[in-house]
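Worksheet: the structure to be examined is printed underneath.
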Amino acid sequence: MFASPALRSCARSLRYHAWLAVQLAVRDIQTRYRSTRLGWLWAFVAPLLMLVVYTLTFKYIFRVRWVGAGDDPLAFALHLLAGLLVFQAVAECWARAPRLILEQPHLVKKVVFPLSLLPWASVVNVLFHALMSMALLVLVAGFSGVPLRWQWGLLPLLLLPLAVLLWSSSLLLASLGVFIRDLPQVVTLVVGLLQFLSPVFYPVSSLPADVQGLASWNPLTVYMEQIRAWVFAETQPTWGQWSHSLLITGVLLVSGYALFRRLKKGFADVI
Amino acid sequence: MSSDMSAPFAIQARQLGKRYVMTGSPYRHLWHLLGGGDRGIQYFHALSGVSLEVRKGESIGLIGQNGAGKSTLLQLLCGTLSPTQGQLQVHGRVAALLELGAGFNPEFTGRENIRFSAALYGMDARHIEDHIQEIIDFADIGDFIDQPVRTYSSGMYVRLAFSIATSVQPDILVIDEALAVGDGLFARKSFDRIMRLKEQGVTLLFCSHSLFQVEALCDRSVWLHQGKVMAQGASASVIAQYNDWLGQQNTVAAPVAERAQDPATPAPAPVATPGQARFVKLQARADGTPGTELQARSGETELSVDLEFVSDPALATPNLAVMVYGADGRVVCSTGTWIDGFTVTRQTDGRGHALVSFPRLPLLKGRYSVAAFLMCERALHVYEAVEHFASVQVSQPHLEQGVVSIPHQWSNAA
């Protein structure tokens with residue numbers, strides 16, 4: 001085997017898989033908006049409506065304040081959106097993950113299909129919506145008087161490590177989900193808990209000092225904090241916090257892929 | 001893939017085995033996959049110890065009865081199943097005509113499904129755009145191409161799927177009984193396309209019950225029985241062995257029928273199944289010599305066929321037909337009782353025995369295959385079709401060209 005054809009074929013296979021993943025994701029998103037009136041606009045309109053609802057809720061009903069953000073209800077809603085866009089991406093991805101492979105019997109049994117792409121499609125799908133929410137976040141922030149910052153342009157970069165985290169965890173859940181049919185119930189429960197265990201409704205800085213250290217082991221924490229830091233010029237998460245999150249991502253990546261490789265040959269027998 | 005171009009083999013299989021899980025909960029299975037024991041899991045061995053080497057550009061036929069493991073083997077070669085034993089190496093892109101249209105999404109249009117399926121076969125985006133029109137033209141389903149495929153008829157579905165599978169420039173084409181796709185015209189078109197791929201050096205794996213097609217299409221054949229290779233080698237010889245074996249299977253049943261015929265035996269209800277009809281015995285003879293490999297001389301030998309059947313006496317008397325195929329699988333001639341206005345006599349117990357003969361056989365030099373059909377009184381429904389139960393090797397003393405000598409007369413115009 002010579003290096004150059006092998007490399008070429010490897011590059012071709014990578015390009016092809018990337019293309020296929022995007023194709024799958026586009027199909028996923030198309031399915032969601034097919035024959036809706038607004039079509040793709042929904043990806044933008046849905047978070048906008050959510051922002052409006054939250055703003056009104058916190059202005060007239062709850063009247064809570066974001067620690068360190070004054071008592072402007074819009075500011076509260078924007079801080080919330082920064083955390084929610086990450087949480088929703090993760091929640092949707094994980095909620096679908098256990099059934100990703102299980103629900104595609106023909107891709108498992110009838111055609112040759114790189115099954116590890118199924119989570120990619122789901123990841124690209126949710127991250128596309130996260131990106132739309134980010135755009136909305138900076139747009140509304142800009143209009144509401146938050147000073148423009150060049151760091152806003154960095155926001156999409158966060159999606160890259162998040163993509164790896166989501167893909168690894170989805171692959172893990174999808175592989176196990178084929179065998180463990182109770183998994184969706186468990187995941188729903190965990191995701192519900194996660195909404196409160198992650199700094200969606202509060203900044204990490206508002207937690208007691210000894211809990212703050214623990215919070216960084218939740219791999220989602222840094223993403224939420226980083227978005228707020230960049231958008232509203234607040235405290236940056238530390239490198240230590242980032243390393244915790246990335247370490248967990250790495251562990252998930254290795255274990256998720258290894259488990260998938262191991263369980264793959266049994267899929268056709270149980271589906 | 002490209003680094004394997006120098007390898008002479010398209011497929012190399014060593015001691016291939018596949019077992020399916022019959023029963024066992026998913027949890028037990030997970031436990032087993034993670035390294036635990038396999039208590040509570042029952043297996044079914046679909047294939048065992050299959051070794052096979054296929055050279056690039058070769059055509060291999062796969063024959064055997066239902067449940068012999070043919071489909072499992074094809075699926076292993078396609079990569080949709082993974083073997084539980086042995087080693088398998090497949091070099092090149094495999095396109096499979098197994099489950100046509102398995103990857104289609106019913107909500108998407110034909111065009112969208114082409115892009116998607118072609119990508120599954122490993123075509124890149126640019127290549128797909130270059131070939132999409134060609135795929136659409138071949139499928140020939142008109143404006144439906146931009147409609148969701150759930151609106152397609154089954155014929156259109158299959159045509160589109162076939163067109164995609166054969167347009168992706170496969171190195172190996174796997175065909176499972178899919179030769180006769182759609183209506184007559186498309187079936188012809190698809191056959192031509194498969195032949196063209198074969199000529200272009202595509203490795204062909206063909207699985208069919210139509211032994212004659214296998215023999216016509218494939219250089220070598222593999223006969224599978226209960227998951228094991230019974231014979232492999234030149235198609236003609238493997239098929240002959242298979243036929244002999246099939247014949248033995250039939251002779252086991254035949255004495256039962258003959259005993260029933262014996263008037264001394266107090267009619268242990270002849271084998272007529274309600275609502276059914278089947279052949280009891282088929283025999284071809286050349287000048288009175290019976291056999292499955294007949295020798296005949298053009299214009300001299302009398303070819304005759306004995307057809308014994310049993311049918312439910314409650315049914316109307318069935319029709320019989322005999323068909324003769326040429327070496328290319330084309331029907332050369334046929335005859336049917338309803339065409340000739342001949343009424344088959346049937347006994348009260350549902351048994352019947354008819355004979356058709358072709359005196360001074362007008363077939364010209366070549367190899368022919370004989371098939372028999374047992375059909376309903378309107379000759380629409382086929383109760384039983386027995387393909388290729390005998391072959392006839394015709395020799396001729398002169399140089400007349402063609403397949404058949406039709407009656408003719410020369411005269412001098414005044």
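Chain lettering (A, B, ...) mirrors the order of the structure tokens, residue numbering begins at 1 for each chain separately, and ligand numbering begins at 1 in order of display.
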Hey, what's within 12 Å of segment 245-256 of chain A if we count only C-alpha atoms and toss same-chain stuff fewer than 5 positions away? As an NGL selection string, please?
:A and (116 or 119 or 158 or 160-176 or 214-224 or 237-240 or 261-264)
Got a sec: who's within 10 Å of Glu384 of chain B, counting only C-alpha atoms, leaving out chain neighbours fewer than 2 positions off, as a ChimeraX atom specification?
/B:276-279,320,372-376,381-382,386-387
Could the residues in this selection be written to a file with C-alpha atoms, as a JSON list (two decimals), in the first residue's frame?
[["chain", "number", "residue", "atom", "x", "y", "z"],
["B", 276, "GLN", "CA", -53.94, -26.79, -5.75],
["B", 277, "ALA", "CA", -52.41, -28.58, -8.67],
["B", 278, "ARG", "CA", -48.90, -29.86, -9.16],
["B", 279, "PHE", "CA", -46.75, -31.97, -11.39],
["B", 320, "LEU", "CA", -50.51, -27.71, -19.65],
["B", 372, "ALA", "CA", -43.26, -27.14, -18.20],
["B", 373, "PHE", "CA", -46.18, -25.20, -16.80],
["B", 374, "LEU", "CA", -49.33, -26.28, -15.06],
["B", 375, "MET", "CA", -51.92, -23.57, -15.34],
["B", 376, "CYS", "CA", -55.50, -22.83, -14.49],
["B", 381, "HIS", "CA", -52.71, -18.49, -13.00],
["B", 382, "VAL", "CA", -49.66, -20.72, -12.87],
["B", 386, "VAL", "CA", -40.75, -26.25, -13.62],
["B", 387, "GLU", "CA", -37.93, -24.50, -15.40]]
Write out as an MDAnalysis selection string the set of residues from segment 25-267 of chain A that DSSP, computed on the backbone, places in alpha helix (DSSP H).
chainID A and resid 25:33 42:56 73:96 105:109 117:143 159:179 183:197 209:215 221:232 239:263 267
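Comparing B:Leu52, B:Ile136, B:Leu98, B:Ala13 by their smallest distance to chain A, the closest is B:Leu98 (using only C-alpha atoms).
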With distances taken over only C-alpha atoms, the candidate from A:Val231, A:Val112, A:Ala18, A:Leu127 nearest chain B is A:Val112
With only C-alpha atoms counted and 8 Å as the cut-off, give the residues of chain A in contact with chain B, each with its shortest interatomic distance in Å and the pair that gives it, as CSV.
residue,atom,partner,partner_atom,distance
A:Met1,CA,B:Ser3,CA,6.1
A:Phe2,CA,B:Ser3,CA,7.3
A:Pro5,CA,B:Ser3,CA,6.1
A:Ala6,CA,B:Ser3,CA,6.5
A:Ser9,CA,B:Met1,CA,6.8
A:Tyr16,CA,B:Asp124,CA,6.1
A:Trp19,CA,B:Ala125,CA,7.7
A:Leu20,CA,B:Ala119,CA,6.6
A:Gln23,CA,B:Phe116,CA,7.4
A:His106,CA,B:Ala102,CA,6.4
A:Leu107,CA,B:Gly103,CA,6.9
A:Val108,CA,B:Thr80,CA,7.1
A:Lys109,CA,B:Thr80,CA,5.7
A:Lys110,CA,B:Thr80,CA,6.0
A:Val111,CA,B:Thr80,CA,5.6
A:Val112,CA,B:Thr80,CA,5.1
A:Phe113,CA,B:Leu120,CA,6.5
A:Val178,CA,B:Pro26,CA,7.9
A:Phe179,CA,B:Pro26,CA,4.8
A:Ile180,CA,B:Tyr27,CA,6.5
A:Arg262,CA,B:Leu33,CA,6.9
A:Leu263,CA,B:Leu33,CA,6.2
A:Lys265,CA,B:Ser82,CA,6.4
A:Gly266,CA,B:Leu33,CA,7.2
A:Ala268,CA,B:Leu81,CA,7.4
A:Asp269,CA,B:Val21,CA,5.9
A:Val270,CA,B:Pro26,CA,6.2
Need to verify the contact set: Leu173 of chain B, 10 Å, only C-alpha atoms, exclusion of same-chain residues closer than 4 positions in sequence. Can you return it as number ranges by chain?
B: 59, 78, 93-97, 165-166, 169, 194, 197-198, 202-206
In terms of only C-alpha atoms, the residue from A:Pro199, A:Pro47, A:Gly213, A:Pro184 at minimal distance from Leu100 of chain A is A:Pro184
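Nearest residue to Ala46 of chain B, choosing from B:Leu224, B:Ile141, B:Val168, B:Val370 and counting only C-alpha atoms: B:Leu224.
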Which neighbours of segment 326-337 of chain B fall inside 10 Å, counting only C-alpha atoms, when residues of the same chain fewer than 4 positions from it are skipped, and could you give them as a ChimeraX atom specification?
/B:210-217,318-322,341-344,354,356,363,366-375,377,379,391-392,403-404
